[in-house]
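**Q** Contents of entry.txt (compact mmCIF, C-alpha atoms) are below:
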# COMPACT_ATOMS: atom_id res chain seq x y z
CA MET E 9 -31.06 5.46 10.95
CA GLU E 10 -27.83 7.25 9.99
CA ARG E 11 -29.19 10.48 11.45
CA ARG E 12 -30.01 8.74 14.74
CA LYS E 13 -26.45 7.41 14.92
CA GLU E 14 -25.07 10.89 14.30
CA GLU E 15 -27.27 12.21 17.12
CA LYS E 16 -25.87 9.58 19.51
CA LEU E 17 -22.37 10.70 18.64
CA ALA E 18 -23.34 14.33 19.16
CA ASP E 19 -24.72 13.47 22.63
CA ARG E 20 -21.26 12.55 23.93
CA PRO E 21 -19.26 15.37 25.51
CA ALA E 22 -17.38 17.05 22.69
CA SER E 23 -14.30 17.34 24.88
CA ARG E 24 -14.06 13.52 25.21
CA VAL E 25 -14.37 12.53 21.54
CA LEU E 26 -11.05 13.27 19.90
CA PRO E 27 -11.05 15.94 17.16
CA HIS E 28 -11.48 14.21 13.81
CA ARG E 29 -13.07 14.30 10.39
CA THR E 30 -14.72 11.62 8.25
CA ASP E 31 -14.00 10.75 4.64
CA ALA E 32 -16.37 9.79 1.82
CA TYR E 33 -16.04 6.10 2.76
CA SER E 34 -17.30 6.59 6.34
CA SER E 35 -13.87 6.24 7.91
CA VAL E 36 -12.57 8.47 10.70
CA LEU E 37 -9.37 10.45 10.14
CA LEU E 38 -7.53 11.98 13.07
CA SER E 39 -4.14 13.11 14.31
CA ALA E 40 -2.94 12.58 17.85
CA PRO E 41 -3.66 15.72 19.94
CA GLN E 42 -0.62 17.63 21.14
CA HIS E 43 0.30 17.80 24.83
CA ILE E 44 -1.63 14.72 25.91
CA SER E 45 -0.41 11.94 28.20
CA PRO E 46 -0.48 8.29 27.05
CA GLU E 47 -3.02 7.52 29.80
CA GLU E 48 -5.45 10.27 28.80
CA PHE E 49 -4.93 9.50 25.12
CA ARG E 50 -5.80 5.82 25.62
CA GLU E 51 -8.91 6.66 27.61
CA ARG E 52 -10.21 9.22 25.12
CA LEU E 53 -9.31 7.10 22.10
CA CYS E 54 -11.23 4.18 23.62
CA GLU E 55 -14.29 6.39 24.22
CA SER E 56 -14.00 7.89 20.74
CA CYS E 57 -13.85 4.48 19.04
CA SER E 58 -16.95 3.42 20.96
CA ALA E 59 -18.73 6.58 19.79
CA TRP E 60 -17.65 6.05 16.17
CA ARG E 61 -18.86 2.44 16.26
CA SER E 62 -22.25 3.63 17.52
CA ALA E 63 -22.35 6.16 14.69
CA GLY E 64 -21.77 3.43 12.11
CA ARG E 65 -18.26 4.39 11.09
CA LYS E 66 -16.27 1.69 9.31
CA GLY E 67 -12.70 2.33 10.37
CA VAL E 68 -10.18 4.74 11.85
CA PHE E 69 -6.92 6.09 10.46
CA LEU E 70 -4.77 7.60 13.19
CA GLN E 71 -1.67 9.71 12.54
CA ILE E 72 1.04 9.90 15.21
CA PRO E 73 4.25 11.93 14.70
CA THR E 74 7.56 10.52 15.91
CA ALA E 75 7.68 13.26 18.57
CA GLN E 76 4.66 11.55 20.18
CA ALA E 77 5.80 7.95 19.73
CA ASN E 78 4.96 7.29 23.38
CA LEU E 79 1.27 7.26 22.32
CA ILE E 80 1.71 4.30 19.95
CA PRO E 81 1.40 1.56 22.63
CA SER E 82 -1.95 3.04 23.72
CA ALA E 83 -3.32 2.69 20.19
CA VAL E 84 -1.90 -0.81 19.72
CA GLU E 85 -3.53 -1.95 23.01
CA LEU E 86 -6.89 -0.90 21.54
CA GLY E 87 -6.36 -3.00 18.41
CA PHE E 88 -4.80 -0.49 16.04
CA LYS E 89 -2.36 -1.90 13.49
CA PHE E 90 0.53 -0.24 11.66
CA HIS E 91 -0.63 1.00 8.26
CA ALA E 92 2.13 3.14 6.71
CA THR E 93 4.65 5.90 7.35
CA MET E 94 4.27 9.35 5.85
CA GLY E 95 6.57 12.21 4.94
CA VAL E 96 10.20 11.22 5.49
CA GLY E 97 9.24 8.66 8.09
CA ASP E 98 8.28 11.27 10.67
CA ARG E 99 4.62 10.20 10.92
CA LEU E 100 3.14 6.77 11.54
CA ILE E 101 -0.36 5.92 10.30
CA LEU E 102 -2.26 3.26 12.24
CA SER E 103 -5.64 1.80 11.32
CA LEU E 104 -8.51 0.10 13.13
CA TRP E 105 -11.50 -1.73 11.63
CA LEU E 106 -14.56 -0.80 13.68
CA ARG E 107 -16.89 -3.53 12.40
CA ASP E 108 -14.99 -6.56 13.69
CA GLY E 109 -17.21 -9.62 13.70
CA LEU E 110 -19.82 -7.90 11.54
CA THR E 111 -18.23 -7.49 8.13
CA LYS E 112 -14.86 -8.24 6.57
CA ASN E 113 -12.18 -5.58 6.98
CA ASN E 114 -12.05 -3.67 3.68
CA LEU E 115 -9.84 -0.78 4.73
CA PRO E 116 -7.21 -0.14 2.05
CA SER E 117 -3.76 -1.53 2.75
CA GLY E 118 -0.70 0.68 2.93
CA PRO E 119 1.22 1.67 -0.24
CA SER E 120 1.87 -1.42 -2.38
CA HIS E 121 4.25 -0.06 -5.02
CA PHE E 122 7.37 2.04 -5.38
CA LEU E 123 7.67 4.21 -8.49
CA GLY E 124 11.01 4.18 -10.29
CA VAL E 125 12.04 6.12 -13.38
CA ALA E 126 14.82 5.94 -15.96
CA GLY E 127 15.57 8.40 -18.75
CA LEU E 128 16.75 7.43 -22.22
CA VAL E 129 18.42 10.81 -22.75
CA VAL E 130 19.14 11.63 -26.40
CA ARG E 131 21.40 14.53 -27.39
CA GLY E 132 21.71 16.32 -30.74
CA ASP E 133 23.86 13.68 -32.48
CA GLY E 134 21.56 10.83 -31.40
CA ARG E 135 23.87 9.44 -28.73
CA ILE E 136 22.39 8.21 -25.45
CA LEU E 137 23.51 9.06 -21.92
CA VAL E 138 24.55 6.24 -19.58
CA VAL E 139 25.95 6.31 -16.06
CA LYS E 140 27.91 4.06 -13.73
CA GLU E 141 26.71 4.21 -10.13
CA LYS E 142 28.77 4.12 -6.93
CA ASN E 143 26.21 2.07 -4.99
CA GLY E 144 23.52 -0.54 -5.63
CA PRO E 145 23.18 -3.73 -7.72
CA ALA E 146 24.44 -2.14 -10.96
CA ALA E 147 27.51 -0.74 -9.14
CA ARG E 148 28.44 -4.17 -7.76
CA SER E 149 28.51 -5.51 -11.32
CA GLY E 150 30.15 -2.41 -12.84
CA ILE E 151 27.24 -2.00 -15.25
CA TRP E 152 26.49 1.08 -17.34
CA LYS E 153 22.82 2.01 -17.13
CA LEU E 154 20.31 4.76 -17.85
CA PRO E 155 20.21 7.57 -15.26
CA GLY E 156 17.20 7.48 -12.98
CA GLY E 157 15.92 6.68 -9.53
CA GLN E 158 12.85 6.74 -7.32
CA ALA E 159 10.03 9.26 -7.56
CA ASP E 160 9.45 11.43 -4.52
CA SER E 161 6.13 11.45 -2.69
CA CYS E 162 3.34 12.90 -4.89
CA GLU E 163 5.82 13.54 -7.73
CA SER E 164 4.68 12.86 -11.30
CA ILE E 165 6.58 10.45 -13.56
CA GLN E 166 7.57 13.35 -15.83
CA LYS E 167 8.94 15.53 -13.06
CA ALA E 168 10.65 12.59 -11.37
CA VAL E 169 12.62 11.49 -14.43
CA LEU E 170 13.64 15.05 -15.35
CA ARG E 171 14.76 15.70 -11.77
CA GLU E 172 16.67 12.42 -11.43
CA VAL E 173 18.55 12.92 -14.71
CA PHE E 174 19.47 16.49 -13.77
CA GLU E 175 20.54 15.56 -10.22
CA GLU E 176 22.71 12.68 -11.39
CA THR E 177 24.28 14.24 -14.51
CA GLY E 178 23.49 17.98 -14.61
CA VAL E 179 21.75 17.55 -17.98
CA GLU E 180 18.52 19.49 -18.55
CA CYS E 181 15.98 17.79 -20.77
CA HIS E 182 12.56 17.94 -22.37
CA PHE E 183 10.17 15.07 -21.63
CA GLU E 184 9.03 13.29 -24.79
CA ALA E 185 7.25 10.05 -23.92
CA LEU E 186 6.76 7.20 -21.49
CA THR E 187 7.59 4.08 -23.49
CA SER E 188 7.41 1.16 -21.02
CA ILE E 189 6.63 0.17 -17.44
CA LEU E 190 8.30 -2.82 -15.82
CA HIS E 191 6.45 -4.44 -12.92
CA LEU E 192 9.18 -5.78 -10.63
CA ARG E 193 7.82 -8.11 -7.96
CA PRO E 194 9.75 -8.85 -4.75
CA ARG E 195 12.10 -11.82 -5.06
CA ASN E 196 13.07 -14.19 -2.24
CA GLY E 197 10.81 -12.36 0.19
CA GLY E 198 11.99 -8.94 -0.97
CA ASN E 199 14.22 -6.34 0.60
CA ILE E 200 13.13 -5.34 4.11
CA VAL E 201 13.40 -1.70 2.97
CA ARG E 202 10.73 -2.39 0.35
CA ALA E 203 8.50 -4.18 2.88
CA GLY E 204 7.30 -6.63 0.21
CA ALA E 205 6.12 -3.89 -2.16
CA SER E 206 6.49 -4.09 -5.94
CA ASP E 207 8.33 -1.65 -8.17
CA LEU E 208 6.76 0.06 -11.17
CA PHE E 209 9.80 1.06 -13.22
CA CYS E 210 9.09 3.59 -15.98
CA THR E 211 11.40 4.15 -18.94
CA CYS E 212 10.98 7.55 -20.62
CA VAL E 213 12.47 9.20 -23.70
CA LEU E 214 14.04 12.62 -23.02
CA ARG E 215 15.69 15.13 -25.35
CA THR E 216 18.50 17.37 -24.13
CA LYS E 217 17.79 21.09 -24.16
CA SER E 218 21.22 21.82 -25.66
CA LEU E 219 22.92 19.97 -28.51
CA GLU E 220 26.09 19.21 -26.50
CA PRO E 221 25.21 19.38 -22.79
CA LYS E 222 27.92 19.54 -20.16
CA LEU E 223 28.01 16.69 -17.64
CA THR E 224 28.10 17.56 -13.93
CA LEU E 225 28.01 14.34 -11.93
CA GLN E 226 26.37 13.82 -8.55
CA LYS E 227 29.47 13.05 -6.49
CA ASN E 228 27.91 10.79 -3.86
CA GLU E 229 25.98 8.59 -6.33
CA ILE E 230 27.52 8.64 -9.82
CA ALA E 231 31.03 7.35 -10.54
CA SER E 232 31.09 8.12 -14.27
CA ALA E 233 28.94 9.01 -17.28
CA LYS E 234 29.32 8.88 -21.04
CA TRP E 235 27.44 9.10 -24.33
CA VAL E 236 26.99 5.91 -26.37
CA THR E 237 25.29 4.76 -29.56
CA ALA E 238 22.10 2.72 -29.44
CA GLU E 239 24.05 -0.33 -30.58
CA GLU E 240 26.59 0.09 -27.79
CA LEU E 241 23.83 0.43 -25.21
CA LEU E 242 22.09 -2.75 -26.38
CA ALA E 243 25.36 -4.66 -26.21
CA SER E 244 26.11 -3.70 -22.60
CA GLY E 245 25.10 -4.61 -19.06
CA PHE E 246 21.76 -6.27 -18.46
CA TYR E 247 20.41 -4.84 -21.73
CA LYS E 248 22.41 -7.32 -23.83
CA PHE E 249 20.24 -10.34 -23.06
CA LYS E 250 17.78 -10.64 -25.96
CA GLY E 251 14.14 -11.35 -25.24
CA THR E 252 14.34 -10.07 -21.67
CA ALA E 253 12.23 -7.37 -20.02
CA PHE E 254 15.01 -4.81 -19.55
CA ARG E 255 16.22 -5.32 -23.12
CA ARG E 256 12.69 -4.89 -24.48
CA SER E 257 12.16 -1.69 -22.47
CA ILE E 258 15.29 -0.19 -24.02
CA GLU E 259 14.36 -1.39 -27.51
CA ALA E 260 10.97 0.32 -27.15
CA ALA E 261 12.58 3.60 -26.05
CA ILE E 262 15.18 3.52 -28.84
CA ALA E 263 12.48 2.84 -31.43
CA ALA E 264 10.33 5.66 -30.05
CA ARG E 265 13.10 8.30 -30.19
CA ASN E 266 13.20 8.23 -34.01
CA ARG E 267 9.48 8.19 -34.72
CA VAL E 268 8.02 11.38 -36.09
CA SER E 269 4.38 10.72 -35.22
CA GLN E 270 3.55 11.22 -31.53
CA CYS E 271 0.93 8.46 -31.65
CA GLN E 272 3.71 5.96 -32.39
CA ARG E 273 6.10 7.11 -29.66
CA GLY E 274 4.27 6.13 -26.49
CA LEU E 275 2.44 8.07 -23.80
CA TYR E 276 3.13 11.78 -23.73
CA SER E 277 2.56 14.33 -21.01
CA GLU E 278 -0.20 16.87 -20.41
CA VAL E 279 -1.33 18.85 -17.36
CA LEU E 280 -5.10 19.35 -17.43
CA PRO E 281 -7.87 20.61 -15.11
CA LEU E 282 -9.26 17.91 -12.84
CA GLY E 283 -12.85 18.72 -13.85
CA PHE E 284 -14.96 17.61 -10.88
CA ALA E 285 -12.94 19.72 -8.43
CA LYS E 286 -10.44 22.56 -8.42
CA GLY E 287 -6.85 21.98 -9.44
CA LYS E 288 -4.91 20.34 -12.22
CA ILE E 289 -3.34 16.89 -12.60
CA SER E 290 -0.68 15.29 -14.75
CA ILE E 291 -1.80 12.81 -17.41
CA LEU E 292 0.23 10.47 -19.62
CA ARG E 293 -1.78 9.42 -22.65
CA SER E 294 -1.60 8.20 -26.20
CA SER E 295 -2.35 10.51 -29.10
CA LEU E 296 -6.04 11.07 -29.92
Spell out the structure here as structure tokens.
**A**
Amino acid sequence: MERRKEEKLADRPASRVLPHRTDAYSSVLLSAPQHISPEEFRERLCESCSAWRSAGRKGVFLQIPTAQANLIPSAVELGFKFHATMGVGDRLILSLWLRDGLTKNNLPSGPSHFLGVAGLVVRGDGRILVVKEKNGPAARSGIWKLPGGQADSCESIQKAVLREVFEETGVECHFEALTSILHLRPRNGGNIVRAGASDLFCTCVLRTKSLEPKLTLQKNEIASAKWVTAEELLASGFYKFKGTAFRRSIEAAIAARNRVSQCQRGLYSEVLPLGFAKGKISILRSSL
């Protein structure tokens, strides 16, 4: 049956079915062709969707760059819905379920979480690095906090926290362990920038590469930075409220920094071969 459907698709003029590929889940993946008018694009996309339905495909993911935004209405008229943006917002992904009325739409939704990182940076004398930001919720309250920020697209937790700490303070570090993850759900409908997505906020223990590192602050984001004791950190800002999530995340990181055994510290970092395909991936795991 599947072969017969493929033959039907092959029977259509190749020039009319838009260039595409299929994934392992029987969905069609395509990018908008260059130098095509909205009228021709709508006509060919309509014919292509009909062909893909006949071939038994489940859904379509269509990528349109901002330079071809005039093609978006054509896709929306055919039932495509906004799925996600890619890159730095220069590409829109739209999706279409091809089995409407037959089976429930099970295409994956767009990204549902943001990944945030914070570094509990420990220098040679055991003091911990804190910063005061120029913008954001902590800045409005004048709170001292751990340096950190949001991971970039496809960036590992380890690389993200090392990069954020260096960008904000100029301090180079070694990654030691991931000690906690806070799951922050949207409140009061959430920030429109977050589009209702949750935050996974990772606190990591880092050690400075030098015993007394020099601070070089990121001028547009960081107002000030200093080194404090663990006791001073726990008595400040939103860490001072006992029994709360942020307090517990800091307590876990402080406890982990002094433990000798890796299996007691938290999840530590390795880069290992993928195994079933070429390439390597980052893994955070407990000790074996």
**Q** To one decimal place in Å, what is the distance between atom CA of E:Leu100 and atom CA of E:Thr30?
**A** 18.8 Å
**Q** Write out as a list in words each polymer residue whose atoms come within 7 Å of stretch 126-129 of chain E, counting only C-alpha atoms; drop sequence neighbours fewer than 2 positions from it.
**A**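 My list of contacting residues is Arg131, Ile136, Leu137, Leu154, Pro155, Gly156, Gly157, Val169, Val173, Cys210, Thr211, Cys212, Val213, Leu214, Arg215, Thr216 and Ala261 of chain E.
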**Q** To one decimal place in Å, what is the distance between atom CA of E:Thr177 and atom CA of E:Thr252?
**A**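 Computing it gives 27.2 Å between the two atoms.
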**Q** When you count only C-alpha atoms, which of these residues is closest to E:Ser56: E:Ile44, E:Ile262, E:Ile72, E:Val25?
**A** E:Val25
**Q** List as a list in words the protein and nucleic acid residues near E:Gly132, meaning an atom at most 8 Å away when only C-alpha atoms are counted, but skip any in the same chain fewer than 3 places from it.
**A**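 Contacts, with the query itself left out: Arg135, Thr216, Ser218, Leu219 and Glu220 of chain E.
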**Q** From the set E:Ala63, E:Leu170, E:Ile165, E:Leu208, which residue has the shortest atom-to-atom contact distance to E:Leu123, counting only C-alpha atoms?
**A**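 Checking each candidate against E:Leu123, we get E:Leu208 as the closest.
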**Q** Give me the residues near stretch 101-107 of chain E as a ChimeraX atom specification, where near means some atom within 12 Å (using all atoms listed in the file) and where sequence neighbours in that chain fewer than 5 positions away do not count.
**A** /E:34-40,53-54,56-74,77,79-95,112-119
**Q** How far is it from atom CA of E:Glu180 to atom CA of E:Glu259, in Å with one decimal?
**A** 23.1 Å
**Q** Between E:Ser206, E:Asn78, E:Ser277, E:Ser294, which has the minimum distance to E:Phe183 (counting only C-alpha atoms)?
**A** E:Ser277
**Q** Using the atoms already present, construct N, CA and C atoms for stretch 96-122 of chain E and hand them back as a JSON list (two decimals), in the frame of the given file.
**A**
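In the end it all went to result-v8.json:
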[["chain", "number", "residue", "atom", "x", "y", "z"],
["E", 96, "VAL", "N", 8.88, 11.87, 5.54],
["E", 96, "VAL", "CA", 10.20, 11.22, 5.49],
["E", 96, "VAL", "C", 10.33, 10.28, 6.68],
["E", 97, "GLY", "N", 9.25, 9.58, 6.97],
["E", 97, "GLY", "CA", 9.24, 8.66, 8.09],
["E", 97, "GLY", "C", 8.99, 9.32, 9.43],
["E", 98, "ASP", "N", 8.48, 10.56, 9.41],
["E", 98, "ASP", "CA", 8.28, 11.27, 10.67],
["E", 98, "ASP", "C", 6.85, 11.17, 11.18],
["E", 99, "ARG", "N", 6.00, 10.40, 10.48],
["E", 99, "ARG", "CA", 4.62, 10.20, 10.92],
["E", 99, "ARG", "C", 4.21, 8.75, 10.66],
["E", 100, "LEU", "N", 3.64, 8.13, 11.67],
["E", 100, "LEU", "CA", 3.14, 6.77, 11.54],
["E", 100, "LEU", "C", 1.62, 6.80, 11.43],
["E", 101, "ILE", "N", 1.09, 6.05, 10.45],
["E", 101, "ILE", "CA", -0.36, 5.92, 10.30],
["E", 101, "ILE", "C", -0.75, 4.54, 10.81],
["E", 102, "LEU", "N", -1.71, 4.51, 11.73],
["E", 102, "LEU", "CA", -2.26, 3.26, 12.24],
["E", 102, "LEU", "C", -3.72, 3.17, 11.84],
["E", 103, "SER", "N", -4.24, 1.96, 11.71],
["E", 103, "SER", "CA", -5.64, 1.80, 11.32],
["E", 103, "SER", "C", -6.35, 0.82, 12.23],
["E", 104, "LEU", "N", -7.67, 0.99, 12.32],
["E", 104, "LEU", "CA", -8.51, 0.10, 13.13],
["E", 104, "LEU", "C", -9.83, -0.12, 12.40],
["E", 105, "TRP", "N", -10.20, -1.37, 12.21],
["E", 105, "TRP", "CA", -11.50, -1.73, 11.63],
["E", 105, "TRP", "C", -12.53, -1.75, 12.75],
["E", 106, "LEU", "N", -13.58, -0.96, 12.61],
["E", 106, "LEU", "CA", -14.56, -0.80, 13.68],
["E", 106, "LEU", "C", -15.70, -1.80, 13.62],
["E", 107, "ARG", "N", -15.77, -2.60, 12.55],
["E", 107, "ARG", "CA", -16.89, -3.53, 12.40],
["E", 107, "ARG", "C", -16.45, -4.98, 12.54],
["E", 108, "ASP", "N", -15.50, -5.20, 13.44],
["E", 108, "ASP", "CA", -14.99, -6.56, 13.69],
["E", 108, "ASP", "C", -16.14, -7.49, 14.06],
["E", 109, "GLY", "N", -16.17, -8.65, 13.41],
["E", 109, "GLY", "CA", -17.21, -9.62, 13.70],
["E", 109, "GLY", "C", -18.50, -9.39, 12.94],
["E", 110, "LEU", "N", -18.61, -8.22, 12.30],
["E", 110, "LEU", "CA", -19.82, -7.90, 11.54],
["E", 110, "LEU", "C", -19.60, -8.04, 10.04],
["E", 111, "THR", "N", -18.56, -7.41, 9.56],
["E", 111, "THR", "CA", -18.23, -7.49, 8.13],
["E", 111, "THR", "C", -16.71, -7.60, 7.99],
["E", 112, "LYS", "N", -16.28, -8.08, 6.83],
["E", 112, "LYS", "CA", -14.86, -8.24, 6.57],
["E", 112, "LYS", "C", -14.17, -6.88, 6.48],
["E", 113, "ASN", "N", -12.97, -6.81, 7.02],
["E", 113, "ASN", "CA", -12.18, -5.58, 6.98],
["E", 113, "ASN", "C", -11.84, -5.23, 5.52],
["E", 114, "ASN", "N", -12.36, -4.09, 5.05],
["E", 114, "ASN", "CA", -12.05, -3.67, 3.68],
["E", 114, "ASN", "C", -11.33, -2.33, 3.64],
["E", 115, "LEU", "N", -10.66, -1.99, 4.74],
["E", 115, "LEU", "CA", -9.84, -0.78, 4.73],
["E", 115, "LEU", "C", -8.69, -0.99, 3.74],
["E", 116, "PRO", "N", -8.32, 0.03, 2.99],
["E", 116, "PRO", "CA", -7.21, -0.14, 2.05],
["E", 116, "PRO", "C", -5.91, -0.43, 2.78],
["E", 117, "SER", "N", -5.06, -1.25, 2.16],
["E", 117, "SER", "CA", -3.76, -1.53, 2.75],
["E", 117, "SER", "C", -2.85, -0.33, 2.55],
["E", 118, "GLY", "N", -1.68, -0.39, 3.14],
["E", 118, "GLY", "CA", -0.70, 0.68, 2.93],
["E", 118, "GLY", "C", -0.19, 0.66, 1.49],
["E", 119, "PRO", "N", 0.68, 1.60, 1.13],
["E", 119, "PRO", "CA", 1.22, 1.67, -0.24],
["E", 119, "PRO", "C", 1.80, 0.33, -0.67],
["E", 120, "SER", "N", 1.46, -0.09, -1.90],
["E", 120, "SER", "CA", 1.87, -1.42, -2.38],
["E", 120, "SER", "C", 2.93, -1.37, -3.46],
["E", 121, "HIS", "N", 3.27, -0.17, -3.95],
["E", 121, "HIS", "CA", 4.25, -0.06, -5.02],
["E", 121, "HIS", "C", 5.20, 1.11, -4.78],
["E", 122, "PHE", "N", 6.43, 0.94, -5.25],
["E", 122, "PHE", "CA", 7.37, 2.04, -5.38],
["E", 122, "PHE", "C", 7.39, 2.44, -6.85]]
